[in-house]
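Student: Have a peek at coords_23.txt (compact mmCIF, C-alpha atoms).
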# COMPACT_ATOMS: atom_id res chain seq x y z
CA MET A 1 -1.65 78.24 25.65
CA ILE A 2 -0.86 77.33 29.27
CA TYR A 3 -0.07 73.66 29.86
CA TYR A 4 -0.72 72.02 33.20
CA SER A 5 0.78 68.85 34.63
CA TYR A 6 -1.20 65.63 34.76
CA LYS A 7 -1.36 65.84 38.56
CA THR A 8 -2.77 69.38 38.42
CA ARG A 9 -5.45 68.34 35.94
CA VAL A 10 -6.41 65.33 38.05
CA TRP A 11 -6.69 67.24 41.32
CA LEU A 12 -8.51 70.26 39.89
CA GLY A 13 -10.53 68.64 37.12
CA TYR A 14 -11.54 65.33 38.66
CA LEU A 15 -11.42 65.96 42.42
CA LEU A 16 -12.09 69.62 43.23
CA GLY A 17 -14.06 70.59 40.11
CA PRO A 18 -17.04 68.26 40.59
CA ALA A 19 -17.25 69.03 44.33
CA GLY A 20 -19.59 72.03 44.01
CA ALA A 21 -22.34 70.32 42.03
CA LEU A 22 -21.94 67.08 44.00
CA LEU A 23 -22.26 68.97 47.28
CA LEU A 24 -25.37 70.76 46.06
CA ASN A 25 -26.92 67.51 44.88
CA ALA A 26 -26.01 65.69 48.10
CA VAL A 27 -27.66 68.37 50.23
CA LEU A 28 -30.76 68.29 48.03
CA ALA A 29 -30.91 64.49 48.10
CA THR A 30 -31.04 64.53 51.90
CA TYR A 31 -32.74 67.81 52.82
CA LEU A 32 -34.95 68.99 49.95
CA ASN A 33 -37.73 66.73 51.22
CA VAL A 34 -37.27 68.20 54.70
CA TYR A 35 -37.72 71.66 53.21
CA TYR A 36 -40.92 70.58 51.49
CA THR A 37 -42.39 68.78 54.51
CA ASP A 38 -41.16 70.76 57.52
CA VAL A 39 -40.64 74.29 56.17
CA LEU A 40 -43.22 74.66 53.40
CA LYS A 41 -45.68 72.20 55.04
CA LEU A 42 -46.72 70.64 51.74
CA THR A 43 -47.70 67.26 53.16
CA GLY A 44 -51.36 68.19 53.49
CA ILE A 45 -51.87 69.22 49.85
CA TRP A 46 -54.28 66.96 47.92
CA GLY A 47 -54.86 64.91 51.04
CA GLY A 48 -51.15 64.10 51.28
CA ALA A 49 -50.96 62.87 47.69
CA PHE A 50 -49.11 65.82 46.15
CA LEU A 51 -45.66 64.84 47.43
CA VAL A 52 -46.23 61.35 46.07
CA ILE A 53 -47.69 62.11 42.64
CA PHE A 54 -45.50 65.04 41.61
CA PRO A 55 -42.14 63.22 42.10
CA ILE A 56 -43.44 60.27 40.06
CA ILE A 57 -44.47 62.53 37.19
CA SER A 58 -41.22 64.48 37.50
CA LYS A 59 -39.10 61.33 37.32
CA VAL A 60 -40.93 60.17 34.21
CA ILE A 61 -39.93 63.51 32.68
CA ASP A 62 -36.42 63.09 34.08
CA ALA A 63 -36.09 59.63 32.53
CA ALA A 64 -37.10 61.01 29.15
CA THR A 65 -34.69 63.95 29.38
CA ASN A 66 -31.87 61.61 30.45
CA VAL A 67 -32.35 59.51 27.34
CA GLY A 68 -32.68 62.62 25.17
CA MET A 69 -29.61 64.25 26.69
CA GLY A 70 -27.53 61.14 26.14
CA TYR A 71 -28.65 61.07 22.51
CA ILE A 72 -27.74 64.75 22.07
CA ILE A 73 -24.30 64.35 23.69
CA ASP A 74 -23.51 61.37 21.46
CA ARG A 75 -24.12 63.53 18.40
CA THR A 76 -22.35 66.67 19.58
CA ARG A 77 -19.17 67.42 17.67
CA THR A 78 -16.96 70.34 18.73
CA LYS A 79 -13.27 71.06 19.21
CA GLU A 80 -13.85 70.69 22.95
CA GLY A 81 -15.39 67.24 22.58
CA LYS A 82 -18.99 66.14 22.91
CA ALA A 83 -19.60 66.27 26.69
CA ARG A 84 -17.47 69.20 27.89
CA PRO A 85 -19.55 71.89 26.10
CA TRP A 86 -22.60 70.65 28.00
CA LEU A 87 -20.61 70.65 31.24
CA LEU A 88 -19.86 74.32 30.59
CA LEU A 89 -23.54 75.06 29.96
CA SER A 90 -24.60 73.26 33.14
CA ALA A 91 -22.53 75.56 35.40
CA PRO A 92 -24.83 78.62 35.31
CA LEU A 93 -27.94 76.45 35.02
CA LEU A 94 -27.14 74.64 38.28
CA ALA A 95 -26.69 77.93 40.10
CA ILE A 96 -29.93 79.47 38.83
CA THR A 97 -32.20 76.44 39.21
CA GLY A 98 -30.69 75.54 42.59
CA ILE A 99 -31.75 78.93 43.93
CA LEU A 100 -35.21 78.64 42.37
CA LEU A 101 -35.83 75.38 44.27
CA PHE A 102 -35.92 77.28 47.56
CA THR A 103 -37.24 80.73 46.68
CA VAL A 104 -40.83 79.50 46.81
CA PRO A 105 -43.13 82.53 47.21
CA ASN A 106 -45.34 82.82 50.28
CA GLY A 107 -48.50 83.07 48.22
CA SER A 108 -51.41 80.71 47.83
CA GLN A 109 -50.93 76.95 47.89
CA THR A 110 -51.63 76.86 44.16
CA VAL A 111 -48.74 79.24 43.48
CA GLN A 112 -46.45 77.20 45.73
CA VAL A 113 -47.43 73.93 44.06
CA ILE A 114 -46.75 75.32 40.59
CA TRP A 115 -43.43 76.83 41.71
CA VAL A 116 -42.30 73.59 43.35
CA MET A 117 -43.17 71.47 40.31
CA VAL A 118 -41.56 73.83 37.80
CA SER A 119 -38.38 74.51 39.82
CA TYR A 120 -37.95 70.82 40.68
CA ASN A 121 -38.08 69.81 37.02
CA LEU A 122 -35.88 72.70 35.91
CA PHE A 123 -33.19 71.48 38.29
CA TYR A 124 -33.44 67.68 38.07
CA SER A 125 -34.84 67.15 34.57
CA PHE A 126 -32.85 69.92 32.93
CA ALA A 127 -29.84 71.46 34.74
CA TYR A 128 -28.62 68.49 36.78
CA THR A 129 -29.33 66.05 33.96
CA ILE A 130 -27.00 68.06 31.71
CA PHE A 131 -24.31 68.19 34.39
CA ASN A 132 -24.65 64.57 35.50
CA MET A 133 -24.58 63.13 31.99
CA SER A 134 -21.54 65.16 30.93
CA HIS A 135 -19.70 64.84 34.26
CA ASN A 136 -20.04 61.06 34.37
CA LEU A 137 -18.65 60.80 30.85
CA MET A 138 -15.45 62.66 31.69
CA VAL A 139 -13.60 59.59 32.97
CA PRO A 140 -14.38 57.13 30.13
CA LEU A 141 -13.80 59.87 27.53
CA SER A 142 -10.51 61.05 29.04
CA THR A 143 -8.31 58.08 28.21
CA ARG A 144 -8.29 54.55 26.81
CA ASP A 145 -5.74 53.44 29.39
CA ALA A 146 -7.52 51.19 31.92
CA THR A 147 -5.16 52.06 34.80
CA GLN A 148 -5.53 55.81 34.31
CA ARG A 149 -9.28 55.45 33.91
CA GLY A 150 -9.50 53.53 37.19
CA SER A 151 -7.41 56.16 38.96
CA LEU A 152 -9.56 59.03 37.64
CA SER A 153 -12.68 57.16 38.68
CA VAL A 154 -11.33 56.86 42.24
CA PHE A 155 -10.68 60.62 42.36
CA ASN A 156 -14.28 61.24 41.26
CA GLN A 157 -15.50 58.90 43.99
CA ILE A 158 -13.34 60.62 46.62
CA SER A 159 -14.89 63.95 45.66
CA ASN A 160 -18.35 62.46 46.01
CA ILE A 161 -17.55 60.84 49.36
CA MET A 162 -16.02 64.05 50.72
CA MET A 163 -19.23 65.92 49.99
CA THR A 164 -21.72 63.29 51.15
CA GLY A 165 -19.72 61.53 53.86
CA ILE A 166 -18.14 64.54 55.55
CA LEU A 167 -20.00 67.77 54.89
CA VAL A 168 -23.57 66.53 54.42
CA ALA A 169 -23.41 63.62 56.86
CA LEU A 170 -21.45 65.33 59.66
CA VAL A 171 -21.39 69.12 59.38
CA PHE A 172 -25.00 69.64 58.32
CA PRO A 173 -26.80 67.69 61.09
CA MET A 174 -24.39 68.85 63.80
CA VAL A 175 -24.01 72.54 62.93
CA ILE A 176 -26.18 73.73 60.05
CA MET A 177 -29.58 72.16 60.71
CA PRO A 178 -29.90 73.29 64.37
CA ILE A 179 -29.15 76.84 63.18
CA ILE A 180 -31.51 77.11 60.22
CA GLY A 181 -34.32 74.99 61.73
CA VAL A 182 -37.51 75.68 59.79
CA ASP A 183 -36.70 79.33 58.97
CA GLN A 184 -37.30 79.70 55.23
CA SER A 185 -35.09 82.78 54.88
CA LYS A 186 -32.11 80.92 56.34
CA TRP A 187 -32.74 77.96 54.02
CA ILE A 188 -32.81 80.31 51.02
CA ALA A 189 -29.56 82.02 52.06
CA LEU A 190 -27.75 78.72 52.64
CA MET A 191 -28.89 77.00 49.45
CA SER A 192 -28.27 80.10 47.36
CA ALA A 193 -24.68 80.11 48.59
CA LEU A 194 -24.22 76.43 47.73
CA SER A 195 -25.81 76.93 44.31
CA ILE A 196 -23.52 79.86 43.51
CA LEU A 197 -20.49 77.86 44.72
CA ALA A 198 -21.28 75.15 42.16
CA LEU A 199 -20.75 77.65 39.31
CA PRO A 200 -16.98 78.32 39.56
CA LEU A 201 -16.17 74.75 40.60
CA THR A 202 -18.02 73.28 37.62
CA LEU A 203 -16.14 75.70 35.38
CA LEU A 204 -12.97 74.37 36.99
CA GLU A 205 -13.94 70.83 36.01
CA TYR A 206 -14.62 71.99 32.46
CA TYR A 207 -11.27 73.77 32.17
CA PHE A 208 -9.08 70.99 33.58
CA THR A 209 -10.57 67.99 31.77
CA LYS A 210 -10.04 66.83 28.22
CA GLU A 211 -11.86 64.32 26.01
CA ARG A 212 -8.91 62.54 24.41
CA VAL A 213 -11.00 59.55 23.31
CA THR A 214 -13.59 61.80 21.65
CA LEU A 215 -10.95 63.84 19.84
CA GLU A 216 -9.23 60.67 18.59
CA THR A 217 -12.55 59.39 17.30
CA GLN A 218 -13.32 62.67 15.53
CA GLU A 219 -9.88 62.76 13.90
CA SER A 220 -10.35 59.22 12.60
CA GLY A 221 -13.67 60.23 11.03
CA GLU A 222 -15.57 57.52 12.87
CA ALA A 223 -19.33 57.96 12.53
CA ALA A 224 -21.68 58.08 15.53
CA VAL A 225 -23.12 54.73 16.47
CA PRO A 226 -26.87 54.52 15.67
CA LEU A 227 -29.24 54.34 18.64
CA ALA A 228 -30.59 50.94 17.56
CA LYS A 229 -27.09 49.50 17.48
CA GLN A 230 -26.34 50.89 20.93
CA LEU A 231 -29.47 49.28 22.36
CA LYS A 232 -28.63 45.97 20.72
CA ALA A 233 -25.12 46.07 22.17
CA ILE A 234 -26.51 46.70 25.64
CA PHE A 235 -29.30 44.14 25.71
CA THR A 236 -27.18 41.37 24.22
CA ASP A 237 -24.35 41.81 26.73
CA LYS A 238 -25.18 39.90 29.91
CA TYR A 239 -22.45 41.62 31.91
CA MET A 240 -23.71 45.07 31.10
CA LEU A 241 -27.23 43.97 32.03
CA LEU A 242 -25.97 42.66 35.37
CA ILE A 243 -24.28 45.97 36.06
CA TYR A 244 -27.45 47.87 35.18
CA VAL A 245 -29.54 45.67 37.48
CA TYR A 246 -27.07 46.25 40.28
CA PHE A 247 -27.21 50.00 39.83
CA LEU A 248 -31.01 49.96 39.84
CA VAL A 249 -31.13 48.05 43.13
CA TYR A 250 -28.27 50.00 44.71
CA ILE A 251 -29.57 53.46 43.76
CA LEU A 252 -33.11 52.62 44.90
CA GLY A 253 -31.86 51.34 48.27
CA THR A 254 -29.50 54.26 48.74
CA SER A 255 -32.24 56.77 47.90
CA VAL A 256 -34.63 55.30 50.46
CA LYS A 257 -31.86 55.25 53.10
CA ASN A 258 -30.71 58.82 52.47
CA LEU A 259 -34.21 60.26 52.36
CA SER A 260 -35.33 58.45 55.52
CA LEU A 261 -32.24 59.02 57.68
CA VAL A 262 -33.10 62.57 58.75
CA TYR A 263 -36.68 61.67 59.72
CA PHE A 264 -35.57 58.46 61.44
CA CYS A 265 -33.07 60.35 63.59
CA ASN A 266 -35.53 63.18 64.31
CA TYR A 267 -38.56 61.07 65.22
CA VAL A 268 -37.34 57.60 66.22
CA LEU A 269 -33.79 57.69 67.61
CA GLY A 270 -33.58 61.27 68.90
CA SER A 271 -35.33 64.64 69.02
CA TYR A 272 -35.88 67.15 66.23
CA ASN A 273 -32.60 68.66 64.96
CA ASP A 274 -30.84 67.85 68.23
CA GLY A 275 -27.47 68.06 66.49
CA ILE A 276 -26.32 64.82 68.09
CA THR A 277 -28.22 61.74 66.91
CA GLN A 278 -27.66 61.96 63.18
CA THR A 279 -24.09 63.12 63.71
CA LEU A 280 -23.28 60.10 65.88
CA ILE A 281 -24.82 57.73 63.33
CA SER A 282 -22.73 59.36 60.60
CA ILE A 283 -19.51 59.28 62.66
CA ILE A 284 -19.90 55.58 63.44
CA GLY A 285 -20.03 54.85 59.73
CA GLY A 286 -17.85 57.74 58.60
CA ILE A 287 -14.59 56.78 60.32
CA PRO A 288 -14.17 53.45 58.52
CA MET A 289 -15.54 55.02 55.36
CA GLY A 290 -12.73 57.56 55.50
CA ILE A 291 -10.21 54.77 55.91
CA GLY A 292 -11.78 52.97 52.98
CA ILE A 293 -11.23 55.98 50.72
CA PHE A 294 -7.47 55.52 50.92
CA ALA A 295 -7.42 51.73 51.27
CA VAL A 296 -9.68 50.84 48.35
CA TRP A 297 -7.22 51.38 45.51
CA PRO A 298 -4.28 49.42 47.03
CA LEU A 299 -6.61 46.56 47.96
CA ALA A 300 -8.15 46.53 44.50
CA LYS A 301 -4.69 46.39 42.93
CA LYS A 302 -3.58 43.56 45.23
CA PHE A 303 -6.68 41.35 45.25
CA GLY A 304 -8.47 42.52 42.10
CA LYS A 305 -11.50 44.75 41.67
CA ARG A 306 -13.92 41.85 41.36
CA ASN A 307 -12.78 40.10 44.55
CA VAL A 308 -12.77 43.26 46.67
CA THR A 309 -16.19 44.27 45.36
CA LEU A 310 -17.65 40.81 46.05
CA VAL A 311 -16.38 40.69 49.64
CA GLY A 312 -17.57 44.25 50.18
CA PHE A 313 -21.07 43.40 48.96
CA LEU A 314 -21.30 40.41 51.31
CA ILE A 315 -20.26 42.36 54.40
CA TYR A 316 -22.40 45.30 53.33
CA ALA A 317 -25.40 42.97 53.18
CA ILE A 318 -24.67 41.52 56.63
CA GLY A 319 -24.30 44.96 58.19
CA SER A 320 -27.49 46.20 56.54
CA ALA A 321 -29.43 43.15 57.73
CA ILE A 322 -28.37 43.71 61.33
CA CYS A 323 -29.28 47.40 61.17
CA TRP A 324 -32.67 46.43 59.73
CA ALA A 325 -33.29 43.77 62.39
CA PHE A 326 -32.51 46.11 65.30
CA PRO A 327 -33.53 49.61 64.19
CA THR A 328 -34.02 51.16 67.64
CA ASN A 329 -32.25 48.90 70.14
CA MET A 330 -28.99 48.18 68.40
CA THR A 331 -26.90 50.72 70.31
CA LYS A 332 -28.20 49.44 73.65
CA ARG A 333 -28.59 45.70 73.22
CA PHE A 334 -26.01 44.93 70.54
CA PRO A 335 -23.41 47.73 70.76
CA LEU A 336 -20.31 45.73 69.84
CA ARG A 337 -22.01 43.74 67.13
CA TRP A 338 -23.69 46.78 65.62
CA HIS A 339 -20.56 48.93 65.67
CA ARG A 340 -18.55 46.13 64.10
CA HIS A 341 -20.94 45.57 61.25
CA VAL A 342 -21.67 49.24 60.59
CA HIS A 343 -17.92 49.82 60.34
CA LEU A 344 -17.52 46.91 57.97
CA GLN A 345 -20.61 47.89 56.05
CA HIS A 346 -19.41 51.40 55.29
CA HIS A 347 -15.78 50.44 54.86
CA PHE A 348 -16.52 47.83 52.24
CA ARG A 349 -19.40 49.75 50.78
CA ARG A 350 -16.84 52.17 49.44
CA HIS A 351 -15.01 49.23 47.93
CA GLY A 352 -18.23 48.69 46.07
CA GLY A 353 -17.41 52.05 44.54
CA ARG A 354 -14.88 50.10 42.53
CA LEU A 355 -17.83 49.02 40.45
CA HIS A 356 -17.50 52.40 38.78
CA GLY A 357 -14.01 51.30 37.81
CA HIS A 358 -15.46 48.03 36.48
CA LEU A 359 -18.03 49.99 34.53
CA GLN A 360 -15.47 52.23 32.92
CA TRP A 361 -13.85 49.18 31.29
CA PRO A 362 -16.70 48.06 29.02
CA LEU A 363 -17.72 51.67 28.45
CA GLY A 364 -14.27 52.44 27.14
CA GLN A 365 -13.64 49.32 25.08
CA GLY A 366 -15.75 50.18 22.06
CA TRP A 367 -12.54 50.48 20.05
CA LEU A 368 -11.74 46.83 20.90
CA CYS A 369 -14.99 44.92 21.00
CA GLY A 370 -17.67 46.98 19.29
CA PRO A 371 -19.87 49.93 20.21
CA ARG A 372 -20.56 50.87 23.81
CA ASP A 373 -22.71 53.90 24.45
CA ARG A 374 -21.23 55.72 27.42
CA GLY A 375 -24.49 57.42 28.40
CA TRP A 376 -26.95 54.61 29.06
CA ARG A 377 -25.93 53.76 32.59
CA HIS A 378 -26.46 57.39 33.64
CA ARG A 379 -29.75 57.69 31.73
CA GLY A 380 -31.46 55.17 34.01
CA GLY A 381 -30.06 56.30 37.34
CA GLY A 382 -32.13 59.46 37.78
CA ALA A 383 -35.45 57.73 37.27
CA ASN A 384 -34.58 55.03 39.79
CA ARG A 385 -33.57 57.63 42.40
CA GLY A 386 -37.04 59.07 41.88
CA GLY A 387 -38.55 55.72 42.81
CA GLY A 388 -36.85 55.88 46.18
CA LYS A 389 -38.06 59.45 46.73
CA CYS A 390 -41.68 58.60 45.89
CA HIS A 391 -41.56 55.55 48.18
CA HIS A 392 -40.30 57.68 51.07
CA LEU A 393 -42.66 60.60 50.53
CA TRP A 394 -45.64 58.26 50.51
CA PHE A 395 -44.78 57.15 54.05
CA ARG A 396 -44.07 60.72 55.11
CA GLY A 397 -47.39 61.93 53.73
CA ALA A 398 -49.20 59.06 55.43
CA ARG A 399 -47.63 59.94 58.74
CA ASP A 400 -48.57 63.62 58.58
CA LEU A 401 -52.05 62.87 57.28
CA HIS A 402 -52.81 60.81 60.37
CA GLY A 403 -51.08 63.18 62.76
CA HIS A 404 -48.61 60.66 64.17
CA SER A 405 -44.95 61.11 65.00
CA PRO A 406 -43.47 57.63 64.59
CA ARG A 407 -41.74 56.37 67.74
CA GLY A 408 -41.07 52.92 66.38
CA THR A 409 -40.62 51.33 63.00
CA ALA A 410 -43.54 48.95 63.43
CA ASP A 411 -45.97 51.77 64.25
CA PHE A 412 -44.68 53.86 61.35
CA LEU A 413 -45.14 51.06 58.83
CA GLU A 414 -48.53 50.14 60.24
CA ARG A 415 -49.78 53.71 59.81
CA GLY A 416 -48.52 53.75 56.23
CA LYS A 417 -50.26 50.43 55.57
CA GLU A 418 -53.55 51.74 57.01
CA HIS A 419 -53.35 54.87 54.86
CA TRP A 420 -52.59 52.83 51.75
CA GLN A 421 -55.53 50.49 52.41
CA GLY A 422 -57.83 53.45 53.12
CA THR A 423 -58.75 52.38 56.67
CA GLY A 424 -57.58 55.66 58.16
CA GLY A 425 -56.47 54.16 61.46
CA ASN A 426 -55.97 56.52 64.37
Show the structure stored in the file as structure tokens.

Tutor:
Amino acid sequence: MIYYSYKTRVWLGYLLGPAGALLLNAVLATYLNVYYTDVLKLTGIWGGAFLVIFPIISKVIDAATNVGMGYIIDRTRTKEGKARPWLLLSAPLLAITGILLFTVPNGSQTVQVIWVMVSYNLFYSFAYTIFNMSHNLMVPLSTRDATQRGSLSVFNQISNIMMTGILVALVFPMVIMPIIGVDQSKWIALMSALSILALPLTLLEYYFTKERVTLETQESGEAAVPLAKQLKAIFTDKYMLLIYVYFLVYILGTSVKNLSLVYFCNYVLGSYNDGITQTLISIIGGIPMGIGIFAVWPLAKKFGKRNVTLVGFLIYAIGSAICWAFPTNMTKRFPLRWHRHVHLQHHFRRHGGRLHGHLQWPLGQGWLCGPRDRGWRHRGGGANRGGGKCHHLWFRGARDLHGHSPRGTADFLERGKEHWQGTGGN
């Protein structure tokens, strides 16, 4: 057997390994809706209701499969652990279902609707659920040492930020999107390549990770904690409940922001796929975010995770409020103020990523203070992301139904309100 150093395992298993699936998911989170609305032109189906109803139904299915997958992982017993076998299985599934999302046949609308619904659920409710549940358990199952667990969590976050904050936020709007436009064949080629890339990288994560906590538990003969006991432990722990509430709010807000950014830049701040507007917005926030990647761990060690997270949340809220108050005029009327707060917002937002480090502590302390099911936080996240997607697609469908390209936030919201109330304003 070949033995690798701790540093090699960390860099390949916790940083590079997850990058493929995280990149694929980040691109889908931002651009899959664009593919549905601008390439496939699905906004007119069922009077604009299809892209609202089908994500809601899909996320109900996703929520159920998340709970079921967590239950299955908890009761999996192998020499490789309980989560890593599922990580191995997810590698080919991600590649296959990722390709199916975009190879929608050019047949009748009925065929397209069926294909979209089936492929969407195969990816999100099946393949990505398996990957996400097992991937997110790698850190808490790797070690009981709180310092090592925090370090591994930071590497996971860096991998995520590299994919979303650099490639998806900068390279895609500046280079990729102007090239592929609304050409379906180019979309299929690009997304097929990204889906195939996720296969070897996910295998890399599988190979260079190890479930030391799981193996220790199996050797001690400890029985699996019953589901009822897990639920009781969760709902009687006020700190875990607070963390869950935070994640629900944060994921919902992030989903709405990510899904709306492309449309906002295309129709409000700039022109369609101009390669400039969205890139500039991303750069303004990306520079301090990049600094925050390397500064977060030293600051957390010096001032404490809780203090850094709290300050980050406060500044994040202030920056978000200013961006909300001046959605179209902020770069002209409040340039210094806006730049300052966007920088602070993104810089400290990444400090909020330390919450993952906070979360790893109670998840890993079952051996000290009673049972903690390591899957429940991840079981609720997918369904809440679906709430953000449904919220956004409702507005998008309303806009296309009335034939308006929003040139201001007030007009956009007013049109959505009219559609919701059934007045059909023109």

Student: Here is a test: counting only C-alpha atoms, which residue of A:Met117, A:Ala26, A:Thr43, A:Glu80 is nearest to Thr254 of chain A?

Tutor: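 For Thr254 of chain A, the nearest of the candidates is A:Ala26.
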
Student: Rounded to one decimal, what separation in Å do you get between atom CA of Ile53 of chain A and atom CA of Val113 of chain A?

Tutor: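 Separating atom CA of Ile53 of chain A from atom CA of Val113 of chain A is a distance of 11.9 Å.
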
Student: What is the distance between atom CA of Leu141 of chain A and atom CA of Tyr250 of chain A, in Å to one decimal?

Tutor: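 It comes out at 24.5 Å.
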
Student: Interatomic distance between atom CA of Ile281 of chain A and atom CA of Val182 of chain A?

Tutor: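 Those two atoms sit 22.3 Å apart.
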
Student: Which residue gives the smallest distance to Leu201 of chain A among A:Leu87, A:Val34, A:Met174, A:Val308, with only C-alpha atoms counted?

Tutor: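 Using only C-alpha atoms, the shortest distance to Leu201 of chain A belongs to A:Leu87.
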
Student: Fewer than 2 positions away in the same chain doesn't count, so skip those; otherwise give me all residues within 12 Å of Lys41 of chain A, counting all atoms listed in the file, as a ChimeraX atom specification.

Tutor: /A:33-39,43-45,48,50-51,106,109,112-113,182,184,396-397,400-401

Student: Starting from the incomplete input, reconstruct N, CA, C and O atoms of segment 147-160 of chain A and report them as a PDB file, keeping the file's coordinate frame.

Tutor:
ATOM      1  N   THR A 147      -5.718  51.667  33.498  1.00  0.00           N
ATOM      2  CA  THR A 147      -5.160  52.060  34.800  1.00  0.00           C
ATOM      3  C   THR A 147      -5.463  53.524  35.090  1.00  0.00           C
ATOM      4  O   THR A 147      -5.894  53.876  36.193  1.00  0.00           O
ATOM      5  N   GLN A 148      -5.233  54.393  34.115  1.00  0.00           N
ATOM      6  CA  GLN A 148      -5.530  55.810  34.310  1.00  0.00           C
ATOM      7  C   GLN A 148      -7.018  56.030  34.532  1.00  0.00           C
ATOM      8  O   GLN A 148      -7.416  56.849  35.364  1.00  0.00           O
ATOM      9  N   ARG A 149      -7.835  55.306  33.782  1.00  0.00           N
ATOM     10  CA  ARG A 149      -9.280  55.450  33.910  1.00  0.00           C
ATOM     11  C   ARG A 149      -9.738  55.042  35.319  1.00  0.00           C
ATOM     12  O   ARG A 149     -10.590  55.684  35.921  1.00  0.00           O
ATOM     13  N   GLY A 150      -9.173  53.951  35.838  1.00  0.00           N
ATOM     14  CA  GLY A 150      -9.500  53.530  37.190  1.00  0.00           C
ATOM     15  C   GLY A 150      -9.074  54.550  38.223  1.00  0.00           C
ATOM     16  O   GLY A 150      -9.799  54.831  39.185  1.00  0.00           O
ATOM     17  N   SER A 151      -7.901  55.147  38.038  1.00  0.00           N
ATOM     18  CA  SER A 151      -7.410  56.160  38.960  1.00  0.00           C
ATOM     19  C   SER A 151      -8.293  57.407  38.949  1.00  0.00           C
ATOM     20  O   SER A 151      -8.647  57.947  39.997  1.00  0.00           O
ATOM     21  N   LEU A 152      -8.679  57.864  37.749  1.00  0.00           N
ATOM     22  CA  LEU A 152      -9.560  59.030  37.640  1.00  0.00           C
ATOM     23  C   LEU A 152     -10.918  58.761  38.262  1.00  0.00           C
ATOM     24  O   LEU A 152     -11.525  59.635  38.898  1.00  0.00           O
ATOM     25  N   SER A 153     -11.392  57.533  38.095  1.00  0.00           N
ATOM     26  CA  SER A 153     -12.680  57.160  38.680  1.00  0.00           C
ATOM     27  C   SER A 153     -12.620  57.226  40.205  1.00  0.00           C
ATOM     28  O   SER A 153     -13.564  57.674  40.860  1.00  0.00           O
ATOM     29  N   VAL A 154     -11.498  56.800  40.789  1.00  0.00           N
ATOM     30  CA  VAL A 154     -11.330  56.860  42.240  1.00  0.00           C
ATOM     31  C   VAL A 154     -11.344  58.311  42.717  1.00  0.00           C
ATOM     32  O   VAL A 154     -11.958  58.636  43.740  1.00  0.00           O
ATOM     33  N   PHE A 155     -10.678  59.214  41.982  1.00  0.00           N
ATOM     34  CA  PHE A 155     -10.680  60.620  42.360  1.00  0.00           C
ATOM     35  C   PHE A 155     -12.101  61.195  42.321  1.00  0.00           C
ATOM     36  O   PHE A 155     -12.489  61.985  43.190  1.00  0.00           O
ATOM     37  N   ASN A 156     -12.874  60.817  41.319  1.00  0.00           N
ATOM     38  CA  ASN A 156     -14.280  61.240  41.260  1.00  0.00           C
ATOM     39  C   ASN A 156     -15.053  60.736  42.462  1.00  0.00           C
ATOM     40  O   ASN A 156     -15.870  61.455  43.050  1.00  0.00           O
ATOM     41  N   GLN A 157     -14.804  59.475  42.842  1.00  0.00           N
ATOM     42  CA  GLN A 157     -15.500  58.900  43.990  1.00  0.00           C
ATOM     43  C   GLN A 157     -15.084  59.570  45.292  1.00  0.00           C
ATOM     44  O   GLN A 157     -15.909  59.788  46.180  1.00  0.00           O
ATOM     45  N   ILE A 158     -13.810  59.913  45.418  1.00  0.00           N
ATOM     46  CA  ILE A 158     -13.340  60.620  46.620  1.00  0.00           C
ATOM     47  C   ILE A 158     -14.050  61.955  46.751  1.00  0.00           C
ATOM     48  O   ILE A 158     -14.477  62.360  47.833  1.00  0.00           O
ATOM     49  N   SER A 159     -14.186  62.665  45.646  1.00  0.00           N
ATOM     50  CA  SER A 159     -14.890  63.950  45.660  1.00  0.00           C
ATOM     51  C   SER A 159     -16.323  63.768  46.128  1.00  0.00           C
ATOM     52  O   SER A 159     -16.826  64.544  46.954  1.00  0.00           O
ATOM     53  N   ASN A 160     -16.967  62.733  45.628  1.00  0.00           N
ATOM     54  CA  ASN A 160     -18.350  62.460  46.010  1.00  0.00           C
ATOM     55  C   ASN A 160     -18.452  62.110  47.487  1.00  0.00           C
ATOM     56  O   ASN A 160     -19.332  62.590  48.210  1.00  0.00           O
TER      57      ASN A 160
END
